[in-house]
Each structure stands twice: as C-alpha cells, then as structure tokens.
file data_6.cif (mmCIF, C-alpha atoms)
data_work
loop_
_atom_site.label_atom_id
_atom_site.label_comp_id
_atom_site.auth_asym_id
_atom_site.auth_seq_id
_atom_site.Cartn_x
_atom_site.Cartn_y
_atom_site.Cartn_z
CA MET J 763 176.42 -77.26 -137.19
CA GLY J 764 173.52 -75.99 -139.26
CA GLN J 765 172.53 -76.28 -142.89
CA PHE J 766 171.02 -74.13 -145.62
CA ILE J 767 167.34 -74.61 -146.44
CA PRO J 768 165.01 -72.94 -148.96
CA LEU J 769 162.28 -70.54 -147.86
CA THR J 770 159.53 -68.95 -149.93
CA SER J 771 158.51 -65.34 -149.31
CA ALA J 772 154.94 -64.07 -149.57
CA ASP J 773 155.62 -62.78 -153.09
CA GLY J 774 156.87 -66.20 -154.20
CA PHE J 775 160.58 -65.32 -154.11
CA GLY J 776 162.82 -68.17 -153.02
CA VAL J 777 165.46 -67.33 -150.44
CA SER J 778 167.98 -69.58 -148.71
CA ALA J 779 168.55 -69.52 -144.97
CA TYR J 780 171.09 -71.10 -142.63
CA VAL J 781 169.29 -73.03 -139.88
CA ALA J 782 170.74 -74.51 -136.71
CA HIS J 783 168.68 -76.75 -134.40
CA PRO J 784 169.25 -77.19 -130.67
CA GLU J 785 169.42 -80.52 -128.96
CA GLY J 786 165.93 -81.48 -127.88
CA THR J 787 162.87 -79.23 -128.08
CA PRO J 788 163.65 -75.56 -128.82
CA LYS J 789 162.81 -73.19 -125.98
CA ALA J 790 162.11 -70.46 -128.57
CA ALA J 791 163.59 -69.19 -131.83
CA VAL J 792 165.98 -66.45 -132.97
CA VAL J 793 166.30 -64.94 -136.44
CA VAL J 794 169.86 -63.75 -137.14
CA LEU J 795 170.35 -60.98 -139.71
CA GLN J 796 173.67 -60.69 -141.52
CA GLU J 797 176.09 -57.81 -141.87
CA ILE J 798 176.96 -56.57 -145.37
CA PHE J 799 179.19 -59.64 -145.74
CA GLY J 800 176.49 -62.24 -146.31
CA VAL J 801 175.65 -65.35 -144.31
CA ASN J 802 179.35 -66.00 -143.90
CA SER J 803 181.24 -68.09 -141.34
CA HIS J 804 180.78 -65.45 -138.65
CA ILE J 805 177.00 -65.26 -139.04
CA GLN J 806 176.79 -69.05 -139.25
CA GLY J 807 178.78 -69.19 -136.02
CA VAL J 808 176.43 -66.75 -134.29
CA THR J 809 173.49 -68.88 -135.45
CA ASP J 810 175.14 -72.06 -134.18
CA ARG J 811 175.78 -70.46 -130.78
CA PHE J 812 172.12 -69.55 -130.37
CA ALA J 813 171.25 -73.17 -131.14
CA ALA J 814 173.71 -74.24 -128.45
CA GLN J 815 171.74 -72.01 -126.07
CA GLY J 816 168.58 -73.98 -126.82
CA TYR J 817 167.07 -71.84 -129.57
CA LEU J 818 166.10 -72.78 -133.10
CA ALA J 819 168.16 -70.21 -135.00
CA ILE J 820 167.83 -69.12 -138.62
CA ALA J 821 169.81 -66.64 -140.73
CA PRO J 822 168.09 -65.68 -144.01
CA ALA J 823 170.35 -64.65 -146.89
CA THR J 824 169.15 -61.07 -147.26
CA PHE J 825 171.29 -60.36 -150.36
CA GLU J 826 169.61 -63.00 -152.49
CA ARG J 827 167.30 -60.62 -154.32
CA VAL J 828 170.39 -59.10 -155.90
CA LYS J 829 173.03 -61.86 -155.62
CA THR J 830 173.05 -65.45 -154.35
CA GLY J 831 175.62 -67.31 -152.32
CA VAL J 832 177.37 -64.29 -150.80
CA GLU J 833 179.94 -65.18 -148.12
CA LEU J 834 182.49 -62.37 -147.91
CA GLY J 835 185.40 -61.79 -145.58
CA TYR J 836 186.48 -58.49 -144.01
CA THR J 837 189.12 -57.06 -146.35
CA ASP J 838 188.74 -53.62 -147.91
CA ALA J 839 187.66 -55.28 -151.16
CA ASP J 840 185.04 -57.31 -149.29
CA MET J 841 183.81 -54.13 -147.60
CA THR J 842 183.41 -52.42 -150.97
CA ALA J 843 181.60 -55.41 -152.46
CA GLY J 844 179.31 -55.79 -149.47
CA PHE J 845 178.45 -52.10 -149.38
CA GLY J 846 177.52 -52.23 -153.05
CA LEU J 847 175.24 -55.21 -152.47
CA LYS J 848 173.61 -53.51 -149.50
CA MET J 849 172.94 -50.39 -151.58
CA ALA J 850 171.44 -52.54 -154.34
CA VAL J 851 169.05 -54.21 -151.87
CA GLU J 852 168.14 -50.87 -150.28
CA ALA J 853 167.31 -49.58 -153.78
CA LEU J 854 164.78 -52.35 -154.44
CA PRO J 855 161.13 -51.29 -154.64
CA GLY J 856 159.33 -51.58 -151.32
CA PRO J 857 158.98 -53.66 -149.28
CA GLY J 858 162.37 -54.87 -150.56
CA VAL J 859 163.91 -57.65 -148.49
CA MET J 860 161.42 -57.47 -145.62
CA PRO J 861 159.21 -60.33 -146.94
CA ASP J 862 162.26 -62.61 -146.81
CA ILE J 863 162.77 -61.74 -143.15
CA GLN J 864 159.07 -62.35 -142.50
CA ALA J 865 159.42 -65.78 -144.11
CA ALA J 866 162.26 -66.57 -141.70
CA ILE J 867 160.18 -65.38 -138.73
CA ASP J 868 157.25 -67.52 -139.84
CA TYR J 869 159.47 -70.58 -140.32
CA ALA J 870 161.06 -70.04 -136.92
CA ALA J 871 157.69 -69.79 -135.19
CA GLN J 872 156.22 -72.82 -136.93
CA THR J 873 159.28 -75.02 -136.51
CA SER J 874 160.10 -74.11 -132.91
CA GLY J 875 156.53 -73.83 -131.64
CA GLY J 876 157.69 -70.92 -129.48
CA LYS J 877 158.18 -67.18 -129.49
CA VAL J 878 160.60 -65.55 -131.92
CA GLY J 879 163.28 -62.95 -131.33
CA ILE J 880 165.47 -61.23 -133.90
CA ILE J 881 169.07 -60.05 -133.78
CA GLY J 882 171.06 -58.24 -136.44
CA PHE J 883 174.50 -56.74 -136.92
CA CYS J 884 175.54 -53.68 -138.93
CA TRP J 885 173.06 -53.52 -141.87
CA GLY J 886 171.31 -56.46 -140.20
CA GLY J 887 170.88 -54.29 -137.12
CA LEU J 888 169.00 -51.77 -139.22
CA LEU J 889 166.87 -54.55 -140.71
CA ALA J 890 166.19 -55.96 -137.23
CA TRP J 891 164.95 -52.52 -136.14
CA ARG J 892 162.70 -52.26 -139.21
CA ALA J 893 161.43 -55.79 -138.57
CA ALA J 894 160.59 -54.89 -134.97
CA CYS J 895 158.57 -51.94 -136.26
CA THR J 896 156.89 -53.38 -139.36
CA LEU J 897 156.76 -57.20 -139.30
CA SER J 898 154.56 -59.63 -137.38
CA GLY J 899 155.35 -62.48 -135.02
CA LEU J 900 158.28 -60.99 -133.10
CA SER J 901 158.50 -60.91 -129.30
CA ALA J 902 161.92 -59.21 -128.97
CA ALA J 903 164.58 -57.53 -131.11
CA ALA J 904 168.27 -56.87 -130.45
CA PRO J 905 169.92 -54.74 -133.15
CA TYR J 906 173.69 -54.28 -132.91
CA TYR J 907 175.23 -51.06 -134.31
CA GLY J 908 172.52 -50.74 -136.92
CA GLY J 909 173.83 -48.40 -139.60
CA GLY J 910 171.07 -45.93 -140.45
CA MET J 911 169.03 -46.58 -137.30
CA THR J 912 169.78 -43.08 -136.08
CA SER J 913 168.45 -41.32 -139.19
CA GLU J 914 165.32 -39.22 -138.76
CA GLU J 915 163.28 -41.68 -140.84
CA GLU J 916 164.27 -44.66 -138.70
CA ILE J 917 164.01 -42.83 -135.37
CA ALA J 918 160.40 -41.97 -136.27
CA ARG J 919 159.37 -45.65 -136.40
CA THR J 920 157.40 -47.31 -133.60
CA PRO J 921 158.55 -50.74 -132.43
CA GLN J 922 155.87 -53.40 -131.98
CA CYS J 923 157.93 -55.53 -129.58
CA PRO J 924 160.55 -54.91 -126.87
CA VAL J 925 163.91 -53.77 -128.28
CA MET J 926 167.43 -53.77 -126.84
CA ALA J 927 169.93 -51.83 -128.98
CA HIS J 928 173.73 -51.98 -128.77
CA PHE J 929 176.08 -49.25 -130.03
CA GLY J 930 179.78 -48.38 -129.75
CA ASP J 931 180.91 -44.91 -128.69
CA GLN J 932 183.86 -45.01 -131.13
CA ASP J 933 181.75 -45.98 -134.16
CA HIS J 934 182.60 -43.56 -136.99
CA TRP J 935 179.63 -44.91 -139.00
CA ILE J 936 177.14 -44.09 -136.23
CA PRO J 937 178.07 -40.84 -134.43
CA LEU J 938 177.28 -40.75 -130.73
CA GLU J 939 174.99 -37.74 -131.12
CA GLY J 940 172.78 -39.90 -133.35
CA VAL J 941 172.66 -42.62 -130.71
CA THR J 942 171.67 -40.01 -128.13
CA ALA J 943 168.93 -38.72 -130.42
CA PHE J 944 167.65 -42.26 -130.95
CA ALA J 945 167.63 -43.01 -127.22
CA THR J 946 165.82 -39.74 -126.47
CA ALA J 947 163.16 -40.36 -129.11
CA GLN J 948 162.74 -44.05 -128.19
CA PRO J 949 162.62 -44.10 -124.35
CA GLU J 950 161.03 -47.57 -124.34
CA VAL J 951 164.07 -49.03 -126.15
CA GLU J 952 166.83 -50.32 -123.87
CA VAL J 953 169.94 -48.67 -125.34
CA HIS J 954 173.44 -49.76 -124.34
CA VAL J 955 176.61 -47.95 -125.41
CA TYR J 956 180.02 -49.62 -125.17
CA ALA J 957 183.58 -48.31 -125.28
CA ALA J 958 184.01 -49.95 -128.67
CA ASN J 959 184.04 -49.45 -132.43
CA HIS J 960 181.68 -50.55 -135.19
CA GLY J 961 181.60 -54.33 -135.55
CA PHE J 962 182.77 -54.95 -131.99
CA ASN J 963 180.90 -58.26 -131.79
CA CYS J 964 182.67 -59.90 -134.75
CA ASP J 965 185.80 -61.83 -133.78
CA GLN J 966 186.91 -61.88 -137.43
CA ARG J 967 187.21 -58.08 -137.63
CA GLY J 968 189.99 -55.81 -136.44
CA SER J 969 187.38 -53.86 -134.47
CA PHE J 970 186.48 -56.90 -132.34
CA ASN J 971 186.24 -55.96 -128.66
CA GLU J 972 186.01 -59.05 -126.50
CA ALA J 973 184.84 -57.27 -123.34
CA ALA J 974 182.10 -55.34 -125.14
CA ALA J 975 181.03 -58.41 -127.12
CA GLN J 976 180.78 -60.53 -123.98
CA LEU J 977 178.76 -57.94 -122.06
CA ALA J 978 176.42 -57.35 -124.99
CA ARG J 979 175.99 -61.11 -125.42
CA GLU J 980 175.13 -61.58 -121.74
CA ARG J 981 172.61 -58.75 -121.88
CA THR J 982 171.05 -60.06 -125.09
CA LEU J 983 170.75 -63.64 -123.81
CA ALA J 984 169.10 -62.39 -120.60
CA PHE J 985 166.78 -60.16 -122.65
CA PHE J 986 165.75 -63.04 -124.93
CA ALA J 987 165.36 -65.41 -121.95
CA ALA J 988 162.89 -62.96 -120.40
CA LYS J 989 160.98 -61.93 -123.53
CA LEU J 990 160.84 -65.27 -125.35
CA ALA J 991 159.86 -67.48 -122.39
#

call {"tool": "encode", "arguments": {"input": "data_6.cif", "output": "structure tokens"}}
result
Amino acid sequence: MGQFIPLTSADGFGVSAYVAHPEGTPKAAVVVLQEIFGVNSHIQGVTDRFAAQGYLAIAPATFERVKTGVELGYTDADMTAGFGLKMAVEALPGPGVMPDIQAAIDYAAQTSGGKVGIIGFCWGGLLAWRAACTLSGLSAAAPYYGGGMTSEEEIARTPQCPVMAHFGDQDHWIPLEGVTAFATAQPEVEVHVYAANHGFNCDQRGSFNEAAAQLARERTLAFFAAKLA
C-alpha cells in the first residue's frame, strides 16, 4: 500500500504523487501515468503491483494544474468529467503537465538509485509517449492505448529510449489504420496489437480483457526487466 507525497516541478508548481515502495532495495523505478480518471483506485493498484515486483513506483497526479484530488470512476458522467479535465490540461500553455512528469522521473531516479521506466494508460499512454520523446532520465517506456499517439504530430516525434506500445484492434478511439501508420513510421518501437477494446487493461471497466491484459503485462514486465536492469 502506497501513500501520496508532494513533489515540486521545475517551475515551482506543487504536485502530489502516489508512491509505493517495494520490500528491500528497489531494483529500478517505474512512473505510472493515469487515465483521464485521475490517480484513482485502479492506478493506485497498478502502482502497488509494480512495487510488489520490486520496483519503486510513482503515479503523479497529472490533473493537478487544473483540479486537485481527482479520483473518478468509470460511469458515463465520470467519462465526461475526465475528458473535460484532460482537455483543460491539454490546453495549458507549453510545456503543460510535462514538468510534473519530469519531477516524478527525477524523484524515482533519486529515491530508487536505479534506472526509470514509464508506463501510461489512455491519456497517460499519450503522455508516456511524449515523455519518452521529450523528457530526460528514462530508460524505457510502455504506453497503453495512448489516445492521440497516432496523430501526425505525435507520429513525427523521435523517442529517446526504447518503447513498447500496446493497442487494441477493436478500439474505436484509436482506429487500426492509425496504429499501422504509427508502427510503419516508428519501426524501432515494439508495437503489439491485441484482440481487445480501449481500456482492456483496467479490471474496473466493461472493456477489461483479462487475456489481453495478462499478455501485455507479461510483455511489459519482461521489457522493463531487460531495459531497467
């Protein structure tokens, strides 16, 4: 079980983050980036599970520049609220929320004494991709169904660390032709496509797909074990 701690970004903004520590010395660290539902029980659970795997894990609250303490569920009303918050963050002047993610990376590196990977889901997948391309201190990135990753602007980015990306072939938010375009333009990225819908990793959503989630988890853990050693 983790706890929330305060972080300070380079511009002086204070952001909270959920941190979970492993037993004993961390073998490395993982930054976990939220969906549009905040650092809710699902994201806290993901963070706790990485700690159980021996990683120091930290999930920064990437909505805090527009609203604090967001922990939504997965109803239609929650979806609408979360989408509005995401749009508000995306509308912030550059670099937006990226300094908060950098603060989490820096904390993870300093506290664990090891390499740092990043994983994100939904909007967090997009942010994980941007972090892999624009931030410092990362040794691996694993975005899951990153909404917007397949836009021309995002496809044109150049990752600075190894990336493994996970998509679902039934995702109506991310058409398969966009995934194909991304994979073609980014041959160095390891792209996996599952017979699943958007949000297939989240066991609190109707789109949860246990088989796809398990396979993606196994691949991601092996990827992090190799890149963060």

call {"tool": "atom_distance", "arguments": {"input": "data_6.cif", "atom1": "CA of Asn963 in chain J", "atom2": "CA of Val801 in chain J"}}
result
15.3 Å

call {"tool": "resolve_selection", "arguments": {"input": "data_6.cif", "expression": "the PyMOL selection byres ((chain J and resi 912) around 6)", "output": "VMD selection string"}}
result
chain J and resid 910 to 911 913 917 940 944

call {"tool": "residues_around", "arguments": {"input": "data_6.cif", "residues": "range 784-798 of chain J", "least_positions_apart": "5", "cutoff": "8 Å", "atoms": "all atoms listed in the file", "output": "number ranges by chain"}}
result
J: 805, 808-809, 812-824, 841, 844-845, 847-848, 866-867, 870-871, 874-887, 889-890, 990-991

call {"tool": "atom_distance", "arguments": {"input": "data_6.cif", "atom1": "CA of Phe799 in chain J", "atom2": "CA of Tyr780 in chain J"}}
result
14.4 Å

call {"tool": "resolve_selection", "arguments": {"input": "data_6.cif", "expression": "the PyMOL selection byres ((chain J and resi 958) around 6)", "output": "list in words"}}
result
Gly930, Asp931, Gln932, Tyr956, Ala957 and Asn959 of chain J

call {"tool": "write_last_selection", "arguments": {"input": "data_6.cif", "atoms": "C-alpha atoms", "output": "PDB file, keeping the file's coordinate frame"}}
result
ATOM      1  CA  GLY J 930     179.780 -48.380-129.750  1.00  0.00           C
ATOM      2  CA  ASP J 931     180.910 -44.910-128.690  1.00  0.00           C
ATOM      3  CA  GLN J 932     183.860 -45.010-131.130  1.00  0.00           C
ATOM      4  CA  TYR J 956     180.020 -49.620-125.170  1.00  0.00           C
ATOM      5  CA  ALA J 957     183.580 -48.310-125.280  1.00  0.00           C
ATOM      6  CA  ASN J 959     184.040 -49.450-132.430  1.00  0.00           C
TER       7      ASN J 959
END

call {"tool": "resolve_selection", "arguments": {"input": "data_6.cif", "expression": "the PyMOL selection byres ((chain J and resi 827) around 10)", "output": "VMD selection string"}}
result
chain J and resid 775 to 777 823 to 826 828 to 830 847 850 to 851 854 858 to 859 862

call {"tool": "closest_residue", "arguments": {"input": "data_6.cif", "among": "J:Gly764, J:Pro855, J:Gly899, J:Gly800", "to": "Gly835 in chain J", "atoms": "all atoms listed in the file"}}
result
J:Gly800

call {"tool": "atom_distance", "arguments": {"input": "data_6.cif", "atom1": "CA of Ser778 in chain J", "atom2": "CA of Cys895 in chain J"}}
result
23.6 Å

call {"tool": "closest_residue", "arguments": {"input": "data_6.cif", "among": "J:His783, J:Thr873, J:Phe766, J:Ala893", "to": "Gly831 in chain J", "atoms": "all atoms listed in the file"}}
result
J:Phe766

call {"tool": "closest_residue", "arguments": {"input": "data_6.cif", "among": "J:Val832, J:Ala975, J:Leu983, J:Ile936", "to": "Ala903 in chain J", "atoms": "all atoms listed in the file"}}
result
J:Leu983

call {"tool": "residues_around", "arguments": {"input": "data_6.cif", "residues": "Thr896 in chain J", "least_positions_apart": "5", "cutoff": "9 Å", "atoms": "only C-alpha atoms", "output": "ChimeraX atom specification"}}
result
/J:860,891,919-922

call {"tool": "closest_residue", "arguments": {"input": "data_6.cif", "among": "J:Phe970, J:Tyr836, J:Tyr869, J:Phe962", "to": "Tyr906 in chain J", "atoms": "all atoms listed in the file"}}
result
J:Phe962

call {"tool": "residues_around", "arguments": {"input": "data_6.cif", "residues": "Val951 in chain J", "least_positions_apart": "5", "cutoff": "10 Å", "atoms": "all atoms listed in the file", "output": "PyMOL selection string"}}
result
chain J and resi 903-904+921+923-927+944-946

call {"tool": "write_last_selection", "arguments": {"input": "data_6.cif", "atoms": "C-alpha atoms", "output": "JSON list (two decimals), in the coordinates of the input"}}
result
[["chain", "number", "residue", "atom", "x", "y", "z"],
["J", 903, "ALA", "CA", 164.58, -57.53, -131.11],
["J", 904, "ALA", "CA", 168.27, -56.87, -130.45],
["J", 921, "PRO", "CA", 158.55, -50.74, -132.43],
["J", 923, "CYS", "CA", 157.93, -55.53, -129.58],
["J", 924, "PRO", "CA", 160.55, -54.91, -126.87],
["J", 925, "VAL", "CA", 163.91, -53.77, -128.28],
["J", 926, "MET", "CA", 167.43, -53.77, -126.84],
["J", 927, "ALA", "CA", 169.93, -51.83, -128.98],
["J", 944, "PHE", "CA", 167.65, -42.26, -130.95],
["J", 945, "ALA", "CA", 167.63, -43.01, -127.22],
["J", 946, "THR", "CA", 165.82, -39.74, -126.47]]

call {"tool": "closest_residue", "arguments": {"input": "data_6.cif", "among": "J:Glu972, J:Asp933, J:Asp868, J:Glu916", "to": "Arg892 in chain J", "atoms": "all atoms listed in the file"}}
result
J:Glu916

call {"tool": "closest_residue", "arguments": {"input": "data_6.cif", "among": "J:His804, J:Arg811, J:Leu888, J:Gly774", "to": "Arg967 in chain J", "atoms": "all atoms listed in the file"}}
result
J:His804
